[in-house]
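**Q** Questions regarding the structure given below will be posed in turn.
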Amino acid sequence: MSNGVAWNTLGGDGSGDDRALLERDWGVTDAAGWREQVRALLDAENSDPGVQMVLDRREPGMAPASWRASIAAWCAERNVSEATTRHVIEMSGLILRYEERFRADGLLGPDERVESVYGYDFGRAVNMARWGLGAGFCEADEAEKCVTTAGQRAHRVYGSWESFSAGYVLGRMLRFDEGEFGQWYARSVVGHRILAEDPASPWRRMAWG
C-alpha cells in the first residue's frame with residue numbers, strides 16, 4: 001500500500017502522463033532509470049539515512065535526553081561534523097512532535113511509536129511500479145514483482161497496516177512537511193483514517209500477516 005494503493009493493485013494504460021510524471025518528479029526518462037529508482041526504493045535507500053539512524057538510537061522507554069545523548073555519542077564515534085550532529089539531534093525532537101500528533105490523530109496508539117521510516121520507500125515503490133507500467137518502462141510481470149517485493153520487505157519491518165502507515169507518513173512528513181502540520185499532513189491523516197475505517201479498505205479485506 002502506498003498512500004491508499006493496495007499492494008496488489010496495478011494498472012497501466014501506456015499514458016504519456018506517467019512518463020511526464022516520472023521525468024518531472026524523478027528524473028526518469030527510460031527503463032534503466034526506472035529500474036534504478038525501483039532498486040533504491042526497495043532497498044530503502046531513497047530517503048535520508050539519517051532519519052533511520054536517529055530512530056535506531058532510541059531504546060524502549062528511553063527518555064528524550066538519553067535519546068539525544070545516544071545520537072550524539074553515535075556521531076562522535078564516527079567523527080560526524082558538529083553541524084550534522086546538531087541537525088540529527090534536532091530531528092529527534094521533530095520526530096517526537098510528530099509522534100505526539102500521530103497519537104492525537106489516531107495514527108499511533110497511546111503507547112506506540114514509529115520504529116522505522118523504511119515504509120516510505122516501500123510504499124513509493126508500489127507507485128513506481130504503477131507508473132513504470134503505465135509509462136511502458138516495464139511489463140506487467142516486472143511491475144507485479146516490484147509490488148510483491150515491496151510487500152514482503154514491509155512485512156519484515158512492520159507488524160500491521162497501521163504501523164506501516166505511520167512509518168510511511170513520518171517519512172513523508174520529514175521530507176515535505178518539516179514540522180508545519182500543513183496540507184501534506186492533513187491529506188496523510190485523511191488517507192490513514194479512510195484506510196483504517198472504511199469497510200471496503202484493503203486493510204479490512206487483506207490481513208497483514
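Ordered as shown in the C-alpha cells, chains take letters A, B, and onward, while each chain numbers its residues from 1 and ligands are numbered from 1 in the order shown.
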Could you name the residues that touch range 93-96 of chain A at 9 Å or less, counting only C-alpha atoms, but leaving out those on the same chain fewer than 6 positions away, as a CSV table (one decimal) with N, CA, C and O atoms, in the first residue's frame?

**A**
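For reference, out12.csv as written:
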```csv
chain,number,residue,atom,x,y,z
A,55,LEU,N,16.2,7.0,14.6
A,55,LEU,CA,15.2,6.1,15.2
A,55,LEU,C,15.9,4.9,15.8
A,55,LEU,O,15.5,4.4,16.9
A,64,PRO,N,13.8,11.4,26.3
A,64,PRO,CA,14.3,12.2,25.2
A,64,PRO,C,15.8,12.7,25.4
A,64,PRO,O,16.5,12.7,24.4
A,68,ARG,N,18.8,11.8,22.8
A,68,ARG,CA,19.7,12.8,22.2
A,68,ARG,C,21.2,12.5,22.5
A,68,ARG,O,22.1,12.6,21.7
A,113,ARG,N,5.1,4.0,19.0
A,113,ARG,CA,6.0,5.0,18.4
A,113,ARG,C,6.4,4.4,17.0
A,113,ARG,O,6.1,3.2,16.7
A,114,VAL,N,7.0,5.2,16.2
A,114,VAL,CA,7.4,4.8,14.9
A,114,VAL,C,8.8,4.2,15.0
A,114,VAL,O,9.8,4.8,15.6
A,170,LEU,N,5.4,9.3,8.5
A,170,LEU,CA,6.5,10.1,9.2
A,170,LEU,C,7.6,10.3,8.1
A,170,LEU,O,8.1,11.5,8.1
A,174,LEU,N,8.8,14.2,7.1
A,174,LEU,CA,10.1,14.7,7.3
A,174,LEU,C,10.7,15.1,6.0
A,174,LEU,O,11.6,16.0,6.0
A,178,GLU,N,8.1,19.2,7.2
A,178,GLU,CA,9.1,19.9,8.0
A,178,GLU,C,8.5,20.6,9.3
A,178,GLU,O,8.8,21.7,9.7
A,179,GLY,N,7.6,19.8,9.9
A,179,GLY,CA,7.0,20.3,11.2
A,179,GLY,C,5.9,21.3,11.1
A,179,GLY,O,5.5,21.9,12.1
```

**Q** List as JSON lines every residue of range 82-139 of chain A that is in contact with range 40-43 of chain A, defined as an atom at most 9 Å from one of its atoms (using only C-alpha atoms), together with the nearest atom pair and the distance in Å rounded to one decimal, sorted by chain and then rising number.

**A**
```
{"residue": "A:Tyr118", "atom": "CA", "partner": "A:Asp43", "partner_atom": "CA", "distance": 8.7}
{"residue": "A:Tyr120", "atom": "CA", "partner": "A:Leu41", "partner_atom": "CA", "distance": 8.6}
{"residue": "A:Asp121", "atom": "CA", "partner": "A:Leu41", "partner_atom": "CA", "distance": 4.8}
{"residue": "A:Phe122", "atom": "CA", "partner": "A:Leu42", "partner_atom": "CA", "distance": 5.7}
{"residue": "A:Gly123", "atom": "CA", "partner": "A:Leu41", "partner_atom": "CA", "distance": 8.5}
{"residue": "A:Arg124", "atom": "CA", "partner": "A:Leu41", "partner_atom": "CA", "distance": 7.1}
{"residue": "A:Ala125", "atom": "CA", "partner": "A:Leu41", "partner_atom": "CA", "distance": 5.6}
{"residue": "A:Met128", "atom": "CA", "partner": "A:Leu41", "partner_atom": "CA", "distance": 8.8}
```

**Q** Please dump the current selection as a compact mmCIF listing (two decimals), in the first residue's frame; keep N, CA, C and O atoms.

**A**
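As written to disk, out.txt reads:
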```txt
# COMPACT_ATOMS: atom_id res chain seq x y z
N TYR A 118 11.30 3.09 6.76
CA TYR A 118 11.51 2.37 5.51
C TYR A 118 10.21 2.23 4.73
O TYR A 118 10.24 2.11 3.50
N TYR A 120 8.21 4.39 3.91
CA TYR A 120 8.04 5.47 2.95
C TYR A 120 8.61 5.07 1.59
O TYR A 120 7.99 5.30 0.54
N ASP A 121 9.77 4.42 1.59
CA ASP A 121 10.34 3.95 0.34
C ASP A 121 9.57 2.76 -0.21
O ASP A 121 9.31 2.67 -1.41
N PHE A 122 9.21 1.82 0.64
CA PHE A 122 8.47 0.65 0.17
C PHE A 122 7.13 1.07 -0.45
O PHE A 122 6.72 0.53 -1.48
N GLY A 123 6.46 2.01 0.20
CA GLY A 123 5.18 2.47 -0.32
C GLY A 123 5.34 3.14 -1.67
O GLY A 123 4.54 2.92 -2.59
N ARG A 124 6.37 3.97 -1.81
CA ARG A 124 6.58 4.64 -3.09
C ARG A 124 7.01 3.67 -4.18
O ARG A 124 6.78 3.94 -5.37
N ALA A 125 7.61 2.56 -3.80
CA ALA A 125 7.98 1.55 -4.80
C ALA A 125 6.73 1.01 -5.49
O ALA A 125 6.77 0.67 -6.68
N MET A 128 5.80 3.50 -7.98
CA MET A 128 6.79 3.45 -9.06
C MET A 128 6.48 2.31 -10.01
O MET A 128 6.66 2.43 -11.23
```

**Q** Restricting the calculation to only C-alpha atoms: of A:Ala140, A:Arg153, A:Val117, A:Met62, which residue gets closest to Pro49 in chain A?

**A** A:Val117

**Q** Quick one, how far is CA of Glu112 in chain A from CA of Pro60 in chain A?

**A**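 Between CA of Glu112 in chain A and CA of Pro60 in chain A the gap works out to 10.4 Å.
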
**Q** Residues at most 10 Å from range 27-37 of chain A, counting only C-alpha atoms, excluding those fewer than 3 positions away in the same chain, as a count of residues only?

**A** 23

**Q** Check the smallest atom-to-atom distance from each of A:Pro110, A:Asp105, A:Val38, A:Glu115 to His192 in chain A using only C-alpha atoms, then report the winner.

**A**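 Using only C-alpha atoms, His192 in chain A sits closest to A:Asp105.
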
**Q** How many Å separate CA of Thr148 in chain A from CA of Val54 in chain A?

**A** 28.3 Å

**Q** I need the residue nearest Ser116 in chain A from this list: A:Arg97, A:Arg58, A:His87, A:Arg204. Use only C-alpha atoms for the distance.

**A**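 Ranking A:Arg97, A:Arg58, A:His87, A:Arg204 by distance to Ser116 in chain A, first place goes to A:Arg58.
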
**Q** With only C-alpha atoms as the counted atoms, please give the residues lying no more than 12 Å from Ile71 in chain A, apart from itself and same-chain residues fewer than 5 positions off, as a PyMOL selection string.

**A** chain A and resi 50-59+64-66+76-78+80+84-93

**Q** Can you tell me, as a count of residues only, which residues in range 30-163 of chain A count as helix (DSSP H, G or I) by DSSP?

**A** 97

**Q** Choose the residue, out of A:Ser165, A:Tyr98, A:Gly171, A:Gly16, that has the smallest atom-to-atom separation from Val190 in chain A; count only C-alpha atoms.

**A** A:Ser165

**Q** Excluding Ser188 in chain A and residues on its chain fewer than 2 positions from it, collect all residues at most 12 Å away from it, counting only C-alpha atoms, and give them as a PyMOL selection string.

**A** chain A and resi 2-4+102+105-107+165-173+176-177+181-186+190-195
